[in-house]
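**Student:** My structure is below; once you've seen it, I'll send some questions.
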2 protein chains.
Amino acid sequence: MPMANIQQVAKQAGVSAATVSRVLNGQNSVSQKTRIKVEEAISLLRYEPSMLGRNLRNSESRIILILIPTISNPFYLEIIKGIENTALDHQYNILLCETDSNPDKENIYFDLVRKRMADGIISMDPAVNVETLKQLAEKYAIIQCSEYGGGIGIPYVTINNEMASYQAVRHLIHMGHEKIALMNSDEKFLYARERRAGYERALTEYGIPVRKEYIHYTQHLGFEYGQQAMKKILTLEERPTAVFAVSDLLAIGALKEINASGLSVPGDLAVIGFDKIDFSNMTNPTLTTIAQPMYKMGIAAAQMLIDKIQGKPIDSIIFDHELIIRESTSG
Amino acid sequence: MPMANIQQVAKQAGVSAATVSRVLNGQNSVSQKTRIKVEEAISLLRYEPSMLGRNLRNSESRIILILIPTISNPFYLEIIKGIENTALDHQYNILLCETDSNPDKENIYFDLVRKRMADGIISMDPAVNVETLKQLAEKYAIIQCSEYGGGIGIPYVTINNEMASYQAVRHLIHMGHEKIALMNSDEKFLYARERRAGYERALTEYGIPVRKEYIHYTQHLGFEYGQQAMKKILTLEERPTAVFAVSDLLAIGALKEINASGLSVPGDLAVIGFDKIDFSNMTNPTLTTIAQPMYKMGIAAAQMLIDKIQGKPIDSIIFDHELIIRESTSG
DNA sequence: ATGAAAGCGCTAACAG
DNA sequence: CTGTTAGCGCTTTCAT
């Protein structure tokens with residue numbers, strides 16, 4: 001007798017399906033006596049209510065979609081944990097979607113919400129198509145997390161990128177550095193523009209000229225890209241004495257490349273990363289970096305999304321960051 | 001006019017809902033003329049078919065559940081990618097579930113398949129409750145990936161752990177090592193027992209005695225546990241000249257600890273890891289390790305599960321591994 | 001406190 | 001080739 005349904009339970013208990021449903025949903029308009037009858041029938045038949053029927057009836061999927069560019073960047077991991085735990089608390093589940101920053105793949109996932117397979121989206125893909133997202137946000141619940149298009153009216157949670165970057169560079173200056181390179185993402189991303197602004201503000205404030213040849217752009221935030229960029233930086237005529245990379249993975253690539261070329265960190269070059277991923281503490285030397293409260297950001301994003309799904313008003317949040325000073329700048 | 005349904009499209013096109021459904025599902029029993037009418041109605045009304053209705057009707061969720069102990073171990077990342085891409089090809093989506101090796105959380109996720117929210121499970125949690133899993137497997141599609149209970153009749157994909165371990169240790173012996181430590185997981189896990197067996201076989205084959213004090217167990221596979229275990233190993237009276245750790249994260253922790261104590265790798269101690277996670281190539285020195293074909297394993301697991309869901313017969317698979325020799329054993 | 005009835009949106013069997 | 005009908009499993013009025 002596989003897969004009993006609510007009708008069979010009702011019959012077994014000698015009540016109507018409606019009553020079984022009431023018991024299932026913990027409504028207190030059921031007498032103790034019938035409740036017990038129903039519960040017995042449920043366990044007798046090993047009944048498990050079908051989410052399929054319930055979801056159709058309620059026009060909801062209780063699924064939240066998370067959009068990330070790649071699962072390979074550990075930066076997203078803690079955020080995802082925060083989202084997942086919060087979602088679970090509210091009986092939501094998460095569908096983790098890797099876009100590879102590919103619009104086609106992205107669109108497959110957007111379809112999931114259009115097709116009611118997901119109740120909302122938390123987007124963490126900086127490369128997301130802002131136009132599509134804006135359009136989608138008119139009909140569906142959408143939150144941007146850690147990366148936002150800016151001024152497109154979609155609620156977001158993020159940190160103050162300009163300030164974080166400013167503080168990182170100021171720290172380097174305080175350590176006596178003047179020749180400071182920036183390893184940045186493509187400036188089509190808002191956060192990349194903000195972080196460069198912070199970099200320039202710090203330099204300017206201390207009367208250090210901004211030198212174009214010290215600013216390098218990488219296509220992605222991965223390890224290899226950090227190596228590559230560092231290789232170029234090391235060929236500069238006036239070699240910098242410090243590098244600020246906008247992601248830990250980039251910074252770790254830089255570290256590796258510096259070591260490979262026989263130089264030492266922080267003796268010859270100081271290095272700062274960004275994100276405080278787990279691995280930033282496993283390198284040798286350990287990496288100075290900007291910590292984002294990733295777990296908290298995940299919680300907030302999930303809470304906002306759930307509120308939004310339920311029609312509540314929500315506000316964007318800007319979280320505090322923190323400069324974590326470790327061996328790569330103070331060896 | 002938000003959220004048109006199939007009835008409204010039918011009305012707009014002047015046909016029945018059944019015909020619209022046929023067009024939607026690409027059945028060729030529809031005349032060119034009506035097909036066009038229907039397609040026009042669809043785009044006019046911006047109709048998006050609801051998976052909720054379809055799923056109920058078809059008694060399927062088209063969702064695959066992936067069970068992992070923690071998202072923090074990069075080992076799972078590539079496998080997940082393989083699963084996801086394969087799933088996508090077959091119009092399945094994946095629900096990523098982190099159990100923290102916690103039976104309660106595990107049970108929440110098992111409920112998803114009981115409640116028809118998921119069509120099947122790929123379990124990668126070594127700590128999974130084998131009894132529950134076995135029971136579940138009687139009614140639902142379940143595959144074990146990279147970790148299997150052994151002899152419980154659930155199809156699996158894995159590698160030959162004993163052989164991989166044997167080869168790693170043999171490599172160390174060939175490099176001239178005799179005092180070789182093993183950093184292993186709790187032997188309640190099958191793979192831990194297999195890997196110890198391989199370790200012992202290699203030693204024995206070369207006439208090297210197996211020394212109890214060289215075998216250390218860690219509670220988890222994380223970085224910190226590797227550091228801790230290494231700390232103990234370094235206090236041994238007769239310090240080993242090589243360490244074989246059953247995970248890269250463990251090995252990286254060992255690396256860090258060795259460096260911290262002023263010793264060098266591989267000069268004073270050689271180190272081998274297991275898994276070939278991305279990071280194993282980012283450390284200094286880079287890490288010798290056993291490569292598992294993780295992406296392929298993911299693809300296979302997903303394909304097996306989908307076949308199983310569709311009632312096809314399936315066989316377990318044992319994949320080939322490979323010893324990747326890098327700096328941590330060969331200076 | 002409980003039941004009858006309707007319907008969420010879709011697909012498949014059957015009839016024509 | 002197309003429409004009618006029924007029903008997947010559940011929840012929610014509306015009665016009583």
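A note on labels: chains of the structure tokens are A, B, ... as shown, every chain counts residues from 1, and ligands are counted from 1 in their shown order.
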Kindly assemble as CSV a list of the chain D residues that lie within 7 Å of chain B, each paired with its nearest atom pair and their distance in Å to one decimal, using only C-alpha atoms (C1' of nucleotides), sorted first by chain and then by ascending residue number.
**Tutor:**
residue,atom,partner,partner_atom,distance
D:DC1,C1',B:Val30,CA,6.1
D:DT2,C1',B:Thr19,CA,6.9
D:DG3,C1',B:Ser16,CA,6.2
D:DC8,C1',B:Arg57,CA,4.5
**Student:** As a VMD selection string, please: all residues of stretch 81-247 of chain B that backbone DSSP puts in strand (DSSP E or B).
**Tutor:** chain B and resid 93 to 98 120 to 123 141 to 145 156 to 159 180 to 185 215 to 218 242 to 245
**Student:** Produce a table with one row for each residue of chain C that has an atom at most 8 Å from any atom of chain B, each row naming the nearest atom pair and its distance in Å at one decimal; use only C-alpha atoms (C1' of nucleotides); arrange rows by chain and rising residue number; format as a tab-separated table.
**Tutor:**
residue	atom	partner	partner_atom	distance
C:DC8	C1'	B:Gly53	CA	7.6
C:DG9	C1'	B:Gly53	CA	4.2
C:DC10	C1'	B:Gly53	CA	4.6
C:DT11	C1'	B:Arg57	CA	6.5
**Student:** Please identify all residues of chain B having at least one atom at most 9 Å from any atom of chain A, considering only C-alpha atoms, and return them as a ChimeraX atom specification.
**Tutor:** /B:2,48-53,55-57,59-61,71-72,74,77-78,80-81,84,93-98,111-112,114-117,139,223,252-253,256,259-260,278-279,282-284
**Student:** Would you export the selected residues with C-alpha atoms as a PDB file, in the first residue's frame, please?
**Tutor:**
ATOM      1  CA  PRO B   2      -0.934  38.641 -14.472  1.00  0.00           C
ATOM      2  CA  GLU B  48       4.307  30.733 -18.658  1.00  0.00           C
ATOM      3  CA  PRO B  49       3.198  27.207 -17.847  1.00  0.00           C
ATOM      4  CA  SER B  50       3.116  26.455 -14.145  1.00  0.00           C
ATOM      5  CA  MET B  51       5.364  23.686 -12.959  1.00  0.00           C
ATOM      6  CA  LEU B  52       3.137  23.416  -9.937  1.00  0.00           C
ATOM      7  CA  GLY B  53       0.203  22.108 -11.939  1.00  0.00           C
ATOM      8  CA  ASN B  55       4.270  18.459 -11.354  1.00  0.00           C
ATOM      9  CA  LEU B  56       1.169  17.484  -9.481  1.00  0.00           C
ATOM     10  CA  ARG B  57      -0.327  16.017 -12.565  1.00  0.00           C
ATOM     11  CA  SER B  59       3.516  13.135  -9.772  1.00  0.00           C
ATOM     12  CA  GLU B  60       7.079  14.334  -9.989  1.00  0.00           C
ATOM     13  CA  SER B  61       9.046  17.302  -8.775  1.00  0.00           C
ATOM     14  CA  ILE B  71      29.617  22.841   1.737  1.00  0.00           C
ATOM     15  CA  SER B  72      32.946  24.062   3.132  1.00  0.00           C
ATOM     16  CA  PRO B  74      35.820  22.071  -1.790  1.00  0.00           C
ATOM     17  CA  LEU B  77      32.287  21.340  -5.524  1.00  0.00           C
ATOM     18  CA  GLU B  78      33.366  19.660  -8.721  1.00  0.00           C
ATOM     19  CA  ILE B  80      28.193  19.078  -7.604  1.00  0.00           C
ATOM     20  CA  LYS B  81      28.987  20.805 -10.864  1.00  0.00           C
ATOM     21  CA  GLU B  84      24.091  19.968 -11.807  1.00  0.00           C
ATOM     22  CA  ASN B  93      17.152  20.854 -10.794  1.00  0.00           C
ATOM     23  CA  ILE B  94      19.198  20.266  -7.707  1.00  0.00           C
ATOM     24  CA  LEU B  95      18.486  20.997  -4.119  1.00  0.00           C
ATOM     25  CA  LEU B  96      21.773  21.268  -2.262  1.00  0.00           C
ATOM     26  CA  CYS B  97      21.459  20.057   1.299  1.00  0.00           C
ATOM     27  CA  GLU B  98      24.083  20.425   3.965  1.00  0.00           C
ATOM     28  CA  ASP B 111      11.367  14.258   4.381  1.00  0.00           C
ATOM     29  CA  LEU B 112      11.598  16.180   1.160  1.00  0.00           C
ATOM     30  CA  ARG B 114       8.986  11.447   1.316  1.00  0.00           C
ATOM     31  CA  LYS B 115       6.825  14.455   0.619  1.00  0.00           C
ATOM     32  CA  ARG B 116       7.416  14.213  -3.100  1.00  0.00           C
ATOM     33  CA  MET B 117       9.342  17.467  -3.133  1.00  0.00           C
ATOM     34  CA  LYS B 139      10.694   3.307  -2.039  1.00  0.00           C
ATOM     35  CA  PHE B 223      42.204  22.442   8.000  1.00  0.00           C
ATOM     36  CA  ILE B 252      47.200  21.778   4.070  1.00  0.00           C
ATOM     37  CA  GLY B 253      46.736  22.082   7.806  1.00  0.00           C
ATOM     38  CA  LYS B 256      50.909  25.088   7.792  1.00  0.00           C
ATOM     39  CA  ASN B 259      56.025  25.620   8.483  1.00  0.00           C
ATOM     40  CA  ALA B 260      54.993  27.219  11.739  1.00  0.00           C
ATOM     41  CA  ASP B 278      41.767  23.515  -6.338  1.00  0.00           C
ATOM     42  CA  PHE B 279      43.653  24.797  -3.331  1.00  0.00           C
ATOM     43  CA  MET B 282      47.783  27.147  -4.519  1.00  0.00           C
ATOM     44  CA  THR B 283      49.808  26.295  -1.460  1.00  0.00           C
ATOM     45  CA  ASN B 284      53.508  26.815  -1.068  1.00  0.00           C
TER      46      ASN B 284
END
**Student:** Quick check for you: according to DSSP on this backbone, which residues of stretch 69-285 of chain B are classed as helix (DSSP H, G or I)? Reply as a VMD selection string.
**Tutor:** chain B and resid 75 to 89 103 to 114 130 to 139 161 to 174 190 to 205 212 to 214 223 to 234 248 to 260 278 to 281
**Student:** Need to verify the contact set: A:Ile83, 8 Å, only C-alpha atoms (C1' of nucleotides), exclusion of same-chain residues closer than 6 positions in sequence. Can you return it as a list in words?
**Tutor:**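 Near neighbours after the sequence-gap exclusion: Tyr295, Gly298, Ile299, Ala300, Ala301 and Ala302 of chain A.
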**Student:** With only C-alpha atoms (C1' of nucleotides) as the counted atoms, please give the residues lying no more than 7 Å from stretch 35-43 of chain A, apart from itself and same-chain residues fewer than 3 positions off, as a list in words.
**Tutor:**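 Once the nearby chain positions are removed, what remains is Val9, Gln12, Ala13, Val20, Val23, Val30, Ser31, Gln32, Arg46 and Tyr47 of chain A.
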